[in-house]
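The file run.txt contains compact mmCIF, N, CA and C atoms:
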# COMPACT_ATOMS: atom_id res chain seq x y z
N MET W 1 0.85 -1.19 0.00
CA MET W 1 0.00 0.00 0.00
C MET W 1 0.88 1.23 0.00
N ASN W 2 0.47 2.24 -0.69
CA ASN W 2 1.17 3.50 -0.75
C ASN W 2 1.08 4.19 0.60
N GLU W 3 2.23 4.62 1.14
CA GLU W 3 2.25 5.24 2.47
C GLU W 3 1.42 6.52 2.52
N SER W 4 1.33 7.22 1.41
CA SER W 4 0.59 8.48 1.44
C SER W 4 -0.92 8.27 1.34
N ALA W 5 -1.34 7.08 0.96
CA ALA W 5 -2.77 6.80 0.88
C ALA W 5 -3.34 6.57 2.28
N ALA W 6 -4.56 7.00 2.48
CA ALA W 6 -5.19 6.81 3.79
C ALA W 6 -5.48 5.34 4.02
N LEU W 7 -5.34 4.91 5.27
CA LEU W 7 -5.68 3.54 5.62
C LEU W 7 -7.19 3.39 5.54
N GLU W 8 -7.62 2.27 5.04
CA GLU W 8 -9.05 2.00 4.96
C GLU W 8 -9.52 1.50 6.32
N ILE W 9 -10.54 2.13 6.87
CA ILE W 9 -11.12 1.73 8.14
C ILE W 9 -12.47 1.11 7.84
N PRO W 10 -12.65 -0.17 8.22
CA PRO W 10 -13.94 -0.80 7.95
C PRO W 10 -15.07 -0.07 8.66
N ASP W 11 -16.22 0.05 7.99
CA ASP W 11 -17.37 0.73 8.57
C ASP W 11 -17.77 0.11 9.91
N ALA W 12 -17.66 -1.20 10.04
CA ALA W 12 -18.04 -1.87 11.29
C ALA W 12 -17.18 -1.39 12.44
N ALA W 13 -15.90 -1.15 12.19
CA ALA W 13 -15.01 -0.69 13.25
C ALA W 13 -15.39 0.71 13.72
N LEU W 14 -15.90 1.53 12.83
CA LEU W 14 -16.26 2.90 13.19
C LEU W 14 -17.58 2.96 13.94
N GLN W 15 -18.41 1.95 13.80
CA GLN W 15 -19.73 1.99 14.41
C GLN W 15 -19.79 1.24 15.73
N ILE W 16 -18.70 0.69 16.20
CA ILE W 16 -18.72 -0.11 17.42
C ILE W 16 -19.19 0.72 18.60
N GLY W 17 -18.75 1.97 18.71
CA GLY W 17 -19.15 2.81 19.83
C GLY W 17 -20.63 3.12 19.86
N SER W 18 -21.33 2.97 18.73
CA SER W 18 -22.75 3.30 18.69
C SER W 18 -23.63 2.05 18.56
N MET W 19 -23.12 0.91 18.99
CA MET W 19 -23.88 -0.32 18.90
C MET W 19 -25.13 -0.25 19.78
N ASN W 20 -26.10 -1.06 19.46
CA ASN W 20 -27.31 -1.17 20.27
C ASN W 20 -26.93 -1.71 21.64
N THR W 21 -27.28 -0.98 22.69
CA THR W 21 -26.90 -1.39 24.04
C THR W 21 -28.08 -1.89 24.85
N THR W 22 -29.19 -2.25 24.20
CA THR W 22 -30.35 -2.73 24.93
C THR W 22 -30.17 -4.16 25.42
N ARG W 23 -29.27 -4.90 24.82
CA ARG W 23 -28.99 -6.24 25.32
C ARG W 23 -27.51 -6.33 25.66
N PRO W 24 -27.18 -7.08 26.69
CA PRO W 24 -25.78 -7.15 27.10
C PRO W 24 -24.93 -7.82 26.02
N ALA W 25 -23.75 -7.27 25.80
CA ALA W 25 -22.82 -7.85 24.83
C ALA W 25 -22.10 -9.01 25.49
N SER W 26 -21.70 -9.96 24.68
CA SER W 26 -20.96 -11.09 25.24
C SER W 26 -19.53 -10.67 25.50
N PRO W 27 -18.92 -11.15 26.59
CA PRO W 27 -17.53 -10.80 26.88
C PRO W 27 -16.60 -11.19 25.74
N THR W 28 -16.86 -12.33 25.11
CA THR W 28 -16.02 -12.76 23.99
C THR W 28 -16.14 -11.79 22.83
N GLY W 29 -17.38 -11.35 22.55
CA GLY W 29 -17.60 -10.39 21.47
C GLY W 29 -16.91 -9.07 21.75
N ASP W 30 -16.98 -8.62 23.01
CA ASP W 30 -16.30 -7.38 23.38
C ASP W 30 -14.80 -7.51 23.16
N LEU W 31 -14.23 -8.61 23.58
CA LEU W 31 -12.78 -8.79 23.41
C LEU W 31 -12.41 -8.86 21.93
N GLN W 32 -13.27 -9.46 21.12
CA GLN W 32 -12.99 -9.51 19.69
C GLN W 32 -13.04 -8.11 19.09
N SER W 33 -14.02 -7.32 19.50
CA SER W 33 -14.11 -5.94 19.01
C SER W 33 -12.91 -5.12 19.48
N ILE W 34 -12.53 -5.31 20.73
CA ILE W 34 -11.35 -4.60 21.26
C ILE W 34 -10.12 -5.00 20.47
N GLN W 35 -10.00 -6.28 20.16
CA GLN W 35 -8.82 -6.73 19.41
C GLN W 35 -8.77 -6.09 18.02
N VAL W 36 -9.91 -6.02 17.35
CA VAL W 36 -9.95 -5.40 16.01
C VAL W 36 -9.53 -3.94 16.09
N LEU W 37 -10.12 -3.21 17.04
CA LEU W 37 -9.80 -1.78 17.17
C LEU W 37 -8.37 -1.57 17.66
N ALA W 38 -7.90 -2.43 18.56
CA ALA W 38 -6.52 -2.31 19.06
C ALA W 38 -5.52 -2.54 17.93
N HIS W 39 -5.80 -3.50 17.10
CA HIS W 39 -4.92 -3.77 15.95
C HIS W 39 -4.93 -2.58 14.99
N LEU W 40 -6.10 -2.03 14.75
CA LEU W 40 -6.21 -0.88 13.86
C LEU W 40 -5.48 0.33 14.44
N LEU W 41 -5.66 0.59 15.74
CA LEU W 41 -4.97 1.71 16.38
C LEU W 41 -3.45 1.52 16.30
N GLN W 42 -2.98 0.30 16.51
CA GLN W 42 -1.55 0.03 16.44
C GLN W 42 -1.03 0.33 15.04
N ARG W 43 -1.76 -0.07 14.02
CA ARG W 43 -1.36 0.23 12.63
C ARG W 43 -1.31 1.73 12.39
N LEU W 44 -2.29 2.46 12.92
CA LEU W 44 -2.31 3.90 12.75
C LEU W 44 -1.13 4.55 13.47
N GLU W 45 -0.80 4.06 14.65
CA GLU W 45 0.34 4.59 15.41
C GLU W 45 1.65 4.35 14.66
N GLU W 46 1.76 3.21 14.03
CA GLU W 46 3.00 2.85 13.36
C GLU W 46 3.16 3.53 12.00
N ASN W 47 2.10 4.08 11.45
CA ASN W 47 2.16 4.72 10.14
C ASN W 47 1.35 6.02 10.17
N PRO W 48 1.78 7.01 10.96
CA PRO W 48 0.95 8.21 11.15
C PRO W 48 0.75 9.05 9.90
N ARG W 49 1.60 8.91 8.91
CA ARG W 49 1.43 9.72 7.69
C ARG W 49 0.29 9.21 6.83
N ALA W 50 -0.19 8.01 7.08
CA ALA W 50 -1.22 7.42 6.22
C ALA W 50 -2.64 7.71 6.71
N ILE W 51 -2.79 8.57 7.71
CA ILE W 51 -4.12 8.84 8.26
C ILE W 51 -4.33 10.32 8.45
N ASP W 52 -5.55 10.68 8.74
CA ASP W 52 -5.80 12.05 9.16
C ASP W 52 -6.30 12.03 10.61
N ALA W 53 -6.37 13.17 11.20
CA ALA W 53 -6.72 13.27 12.62
C ALA W 53 -8.11 12.70 12.91
N ALA W 54 -9.05 12.89 12.02
CA ALA W 54 -10.41 12.40 12.24
C ALA W 54 -10.44 10.88 12.29
N GLN W 55 -9.69 10.23 11.41
CA GLN W 55 -9.63 8.77 11.44
C GLN W 55 -9.05 8.28 12.76
N TYR W 56 -7.95 8.87 13.17
CA TYR W 56 -7.29 8.46 14.41
C TYR W 56 -8.23 8.68 15.60
N ARG W 57 -8.85 9.85 15.64
CA ARG W 57 -9.75 10.19 16.75
C ARG W 57 -10.92 9.20 16.81
N THR W 58 -11.49 8.86 15.67
CA THR W 58 -12.62 7.93 15.64
C THR W 58 -12.23 6.56 16.19
N VAL W 59 -11.09 6.05 15.76
CA VAL W 59 -10.63 4.75 16.23
C VAL W 59 -10.31 4.80 17.72
N ALA W 60 -9.58 5.84 18.15
CA ALA W 60 -9.19 5.96 19.56
C ALA W 60 -10.40 6.11 20.46
N LEU W 61 -11.38 6.92 20.06
CA LEU W 61 -12.59 7.09 20.87
C LEU W 61 -13.39 5.81 20.95
N SER W 62 -13.55 5.11 19.83
CA SER W 62 -14.30 3.86 19.83
C SER W 62 -13.61 2.81 20.72
N LEU W 63 -12.30 2.70 20.57
CA LEU W 63 -11.55 1.75 21.40
C LEU W 63 -11.62 2.15 22.87
N GLY W 64 -11.50 3.43 23.15
CA GLY W 64 -11.58 3.90 24.53
C GLY W 64 -12.90 3.54 25.18
N LEU W 65 -14.00 3.70 24.46
CA LEU W 65 -15.31 3.33 25.00
C LEU W 65 -15.39 1.84 25.27
N MET W 66 -14.84 1.04 24.37
CA MET W 66 -14.83 -0.40 24.57
C MET W 66 -13.98 -0.78 25.78
N LEU W 67 -12.83 -0.13 25.93
CA LEU W 67 -11.95 -0.42 27.06
C LEU W 67 -12.59 0.01 28.38
N ASP W 68 -13.36 1.09 28.36
CA ASP W 68 -14.05 1.54 29.58
C ASP W 68 -15.03 0.48 30.08
N ARG W 69 -15.65 -0.23 29.15
CA ARG W 69 -16.65 -1.25 29.51
C ARG W 69 -16.05 -2.62 29.75
N ALA W 70 -14.80 -2.80 29.36
CA ALA W 70 -14.16 -4.12 29.46
C ALA W 70 -13.86 -4.49 30.91
N ALA W 71 -14.13 -5.73 31.22
CA ALA W 71 -13.80 -6.24 32.54
C ALA W 71 -12.32 -6.61 32.57
N PRO W 72 -11.61 -6.19 33.62
CA PRO W 72 -10.21 -6.58 33.72
C PRO W 72 -10.09 -8.10 33.81
N GLY W 73 -8.99 -8.61 33.34
CA GLY W 73 -8.77 -10.05 33.40
C GLY W 73 -7.58 -10.45 32.57
N GLN W 74 -7.28 -11.74 32.60
CA GLN W 74 -6.12 -12.24 31.87
C GLN W 74 -6.25 -12.05 30.37
N GLU W 75 -7.46 -12.25 29.84
CA GLU W 75 -7.65 -12.11 28.39
C GLU W 75 -7.38 -10.68 27.94
N LEU W 76 -7.92 -9.72 28.68
CA LEU W 76 -7.69 -8.32 28.34
C LEU W 76 -6.22 -7.96 28.49
N SER W 77 -5.60 -8.42 29.57
CA SER W 77 -4.17 -8.14 29.77
C SER W 77 -3.33 -8.69 28.64
N ALA W 78 -3.63 -9.90 28.20
CA ALA W 78 -2.88 -10.51 27.09
C ALA W 78 -3.06 -9.69 25.82
N LEU W 79 -4.28 -9.22 25.59
CA LEU W 79 -4.55 -8.39 24.42
C LEU W 79 -3.76 -7.08 24.47
N LEU W 80 -3.73 -6.47 25.64
CA LEU W 80 -3.02 -5.20 25.79
C LEU W 80 -1.51 -5.39 25.65
N GLU W 81 -1.02 -6.55 26.01
CA GLU W 81 0.41 -6.84 25.83
C GLU W 81 0.76 -6.87 24.34
N LEU W 82 -0.16 -7.34 23.52
CA LEU W 82 0.08 -7.42 22.08
C LEU W 82 0.04 -6.07 21.37
N PHE W 83 -0.73 -5.14 21.93
CA PHE W 83 -0.96 -3.86 21.27
C PHE W 83 -0.60 -2.70 22.20
N PRO W 84 0.65 -2.23 22.16
CA PRO W 84 1.10 -1.17 23.07
C PRO W 84 0.28 0.12 22.98
N ALA W 85 -0.20 0.47 21.81
CA ALA W 85 -0.99 1.69 21.68
C ALA W 85 -2.30 1.56 22.46
N ALA W 86 -2.92 0.40 22.40
CA ALA W 86 -4.15 0.17 23.16
C ALA W 86 -3.86 0.13 24.66
N ALA W 87 -2.73 -0.44 25.04
CA ALA W 87 -2.34 -0.49 26.45
C ALA W 87 -2.15 0.91 27.01
N GLU W 88 -1.53 1.78 26.23
CA GLU W 88 -1.34 3.16 26.67
C GLU W 88 -2.68 3.88 26.80
N LEU W 89 -3.56 3.66 25.86
CA LEU W 89 -4.90 4.26 25.93
C LEU W 89 -5.64 3.75 27.16
N TYR W 90 -5.58 2.46 27.42
CA TYR W 90 -6.22 1.85 28.59
C TYR W 90 -5.69 2.48 29.87
N GLU W 91 -4.39 2.59 29.96
CA GLU W 91 -3.76 3.16 31.15
C GLU W 91 -4.17 4.62 31.34
N ASN W 92 -4.18 5.38 30.28
CA ASN W 92 -4.56 6.79 30.37
C ASN W 92 -6.02 6.96 30.79
N ARG W 93 -6.89 6.10 30.32
CA ARG W 93 -8.31 6.22 30.65
C ARG W 93 -8.60 5.76 32.07
N ARG W 94 -7.74 4.96 32.64
CA ARG W 94 -7.94 4.45 34.01
C ARG W 94 -6.91 5.02 34.98
N TYR W 95 -6.29 6.11 34.62
CA TYR W 95 -5.22 6.67 35.43
C TYR W 95 -5.67 7.03 36.84
N GLU W 96 -6.87 7.60 36.99
CA GLU W 96 -7.37 7.99 38.31
C GLU W 96 -7.45 6.82 39.27
N GLN W 97 -7.83 5.65 38.75
CA GLN W 97 -7.97 4.48 39.62
C GLN W 97 -6.66 3.72 39.78
N ALA W 98 -5.85 3.66 38.74
CA ALA W 98 -4.72 2.73 38.77
C ALA W 98 -3.36 3.37 38.52
N GLY W 99 -3.31 4.65 38.19
CA GLY W 99 -2.02 5.25 37.88
C GLY W 99 -1.41 4.60 36.66
N LEU W 100 -0.12 4.45 36.68
CA LEU W 100 0.58 3.84 35.55
C LEU W 100 0.66 2.33 35.77
N CYS W 101 -0.50 1.69 35.82
CA CYS W 101 -0.58 0.28 36.19
C CYS W 101 0.04 -0.67 35.17
N ARG W 102 0.17 -0.25 33.93
CA ARG W 102 0.71 -1.14 32.91
C ARG W 102 2.16 -0.83 32.58
N SER W 103 2.70 0.24 33.15
CA SER W 103 4.08 0.60 32.88
C SER W 103 5.00 -0.21 33.78
N PRO W 104 6.12 -0.68 33.23
CA PRO W 104 7.06 -1.39 34.08
C PRO W 104 7.51 -0.50 35.24
N LEU W 105 7.61 -1.07 36.41
CA LEU W 105 7.92 -0.32 37.62
C LEU W 105 9.25 0.42 37.48
N GLU W 106 10.26 -0.24 36.95
CA GLU W 106 11.57 0.39 36.81
C GLU W 106 11.49 1.63 35.92
N LEU W 107 10.77 1.51 34.82
CA LEU W 107 10.61 2.63 33.90
C LEU W 107 9.87 3.78 34.57
N ALA W 108 8.80 3.47 35.30
CA ALA W 108 8.02 4.51 35.98
C ALA W 108 8.85 5.18 37.06
N ALA W 109 9.63 4.39 37.81
CA ALA W 109 10.47 4.95 38.88
C ALA W 109 11.55 5.85 38.29
N ARG W 110 12.15 5.43 37.20
CA ARG W 110 13.18 6.24 36.54
C ARG W 110 12.59 7.55 36.04
N ALA W 111 11.40 7.50 35.48
CA ALA W 111 10.74 8.71 34.99
C ALA W 111 10.46 9.67 36.15
N GLU W 112 10.05 9.13 37.29
CA GLU W 112 9.78 9.98 38.45
C GLU W 112 11.06 10.64 38.95
N VAL W 113 12.16 9.89 39.00
CA VAL W 113 13.44 10.45 39.45
C VAL W 113 13.89 11.56 38.50
N GLU W 114 13.76 11.30 37.20
CA GLU W 114 14.15 12.31 36.21
C GLU W 114 13.28 13.56 36.33
N ALA W 115 11.99 13.39 36.55
CA ALA W 115 11.09 14.53 36.69
C ALA W 115 11.44 15.35 37.93
N ARG W 116 11.74 14.67 39.03
CA ARG W 116 12.13 15.38 40.26
C ARG W 116 13.43 16.16 40.04
N GLY W 117 14.38 15.55 39.34
CA GLY W 117 15.65 16.23 39.04
C GLY W 117 15.43 17.46 38.17
N LEU W 118 14.59 17.32 37.17
CA LEU W 118 14.28 18.45 36.29
C LEU W 118 13.61 19.58 37.06
N LEU W 119 12.66 19.23 37.92
CA LEU W 119 11.99 20.26 38.73
C LEU W 119 12.98 20.95 39.66
N ALA W 120 13.88 20.19 40.25
CA ALA W 120 14.88 20.78 41.16
C ALA W 120 15.80 21.73 40.39
N ARG W 121 16.23 21.30 39.20
CA ARG W 121 17.13 22.16 38.41
C ARG W 121 16.41 23.42 37.94
N SER W 122 15.14 23.31 37.60
CA SER W 122 14.42 24.51 37.13
C SER W 122 14.12 25.46 38.27
N ALA W 123 14.02 24.95 39.48
CA ALA W 123 13.76 25.81 40.65
C ALA W 123 15.03 26.46 41.19
N ALA W 124 16.19 25.91 40.83
CA ALA W 124 17.46 26.45 41.32
C ALA W 124 17.74 27.79 40.63
N PRO W 125 18.37 28.74 41.38
CA PRO W 125 18.70 30.03 40.78
C PRO W 125 19.73 29.84 39.65
N ALA W 126 19.59 30.66 38.63
CA ALA W 126 20.53 30.59 37.49
C ALA W 126 21.92 31.02 37.95
N SER W 127 22.95 30.32 37.43
CA SER W 127 24.31 30.66 37.82
C SER W 127 24.90 31.76 36.99

Encoding of this model in structure tokens:
Amino acid sequence: MNESAALEIPDAALQIGSMNTTRPASPTGDLQSIQVLAHLLQRLEENPRAIDAAQYRTVALSLGLMLDRAAPGQELSALLELFPAAAELYENRRYEQAGLCRSPLELAARAEVEARGLLARSAAPAS
């Protein structure tokens, strides 16, 4: 596919957020929908020149809504391990409850130390 051409987004993927909610969705169906959108978001992240902002926003919002409704568990965790872009979205949407729950502890600790150092240096008087 030509990199400058827009990625084709299936109509079904765009309509997931507006599905009929009068009957409960099956957990397996939800995970399948999350997997489709997570794969699509990962492709968009890896090739940002092939999309426009509206396409990205539509996929991210639809996936975010699905992740908000998803029950935590091994299946979801395994899915998020496969798709880093979806894992980051999941973590950002659940930050109030879980913080950086999917980030490796060492990486999060190093980021905190670096942030504290930067704040200390910016607060110090100029020499």

Around all the atoms of region 57-73 of chain W listed in the file, draw an axis-aligned box and extend it by 3 Å on each of the six sides; I want its centre and edge lengths in Å to one decimal, as JSON.
{"center_x": -12.1, "center_y": -0.1, "center_z": 24.7, "size_x": 15.1, "size_y": 26.6, "size_z": 24.2}

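Nearest residue to Arg93 (chain W) among W:Glu106, W:Glu112, W:Ala71, W:Gly64 is W:Gly64, counting all atoms listed in the file.
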
(request) Grab the CA of Ala54 (chain W) to CA of Leu79 (chain W) distance for me, in Å with one decimal place. (result) 24.8 Å

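Distance annotation: of W:Met66, W:Ala53, W:Ala123, W:Ala87, the residue with the minimal separation from Ser33 (chain W) is W:Met66; atom set is only N, CA and C atoms.
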
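Interatomic distance, CA of Val36 (chain W) to CA of Gln74 (chain W): 17.7 Å.
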
(request) Just give me the gap between CA of Leu41 (chain W) and CA of Ala111 (chain W) in Å, one decimal is fine. (result) 25.3 Å

(message) Considering all atoms listed in the file, can you say which of W:Pro72, W:Ala78, W:Leu63, W:Ile51 comes closest to Ile34 (chain W)?
(response) W:Leu63

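Of the residues listed (W:Leu80, W:Leu31, W:Ala86, W:Leu118), W:Ala86 shows the shortest atom-to-atom separation from Glu45 (chain W); distances use only C-alpha atoms.
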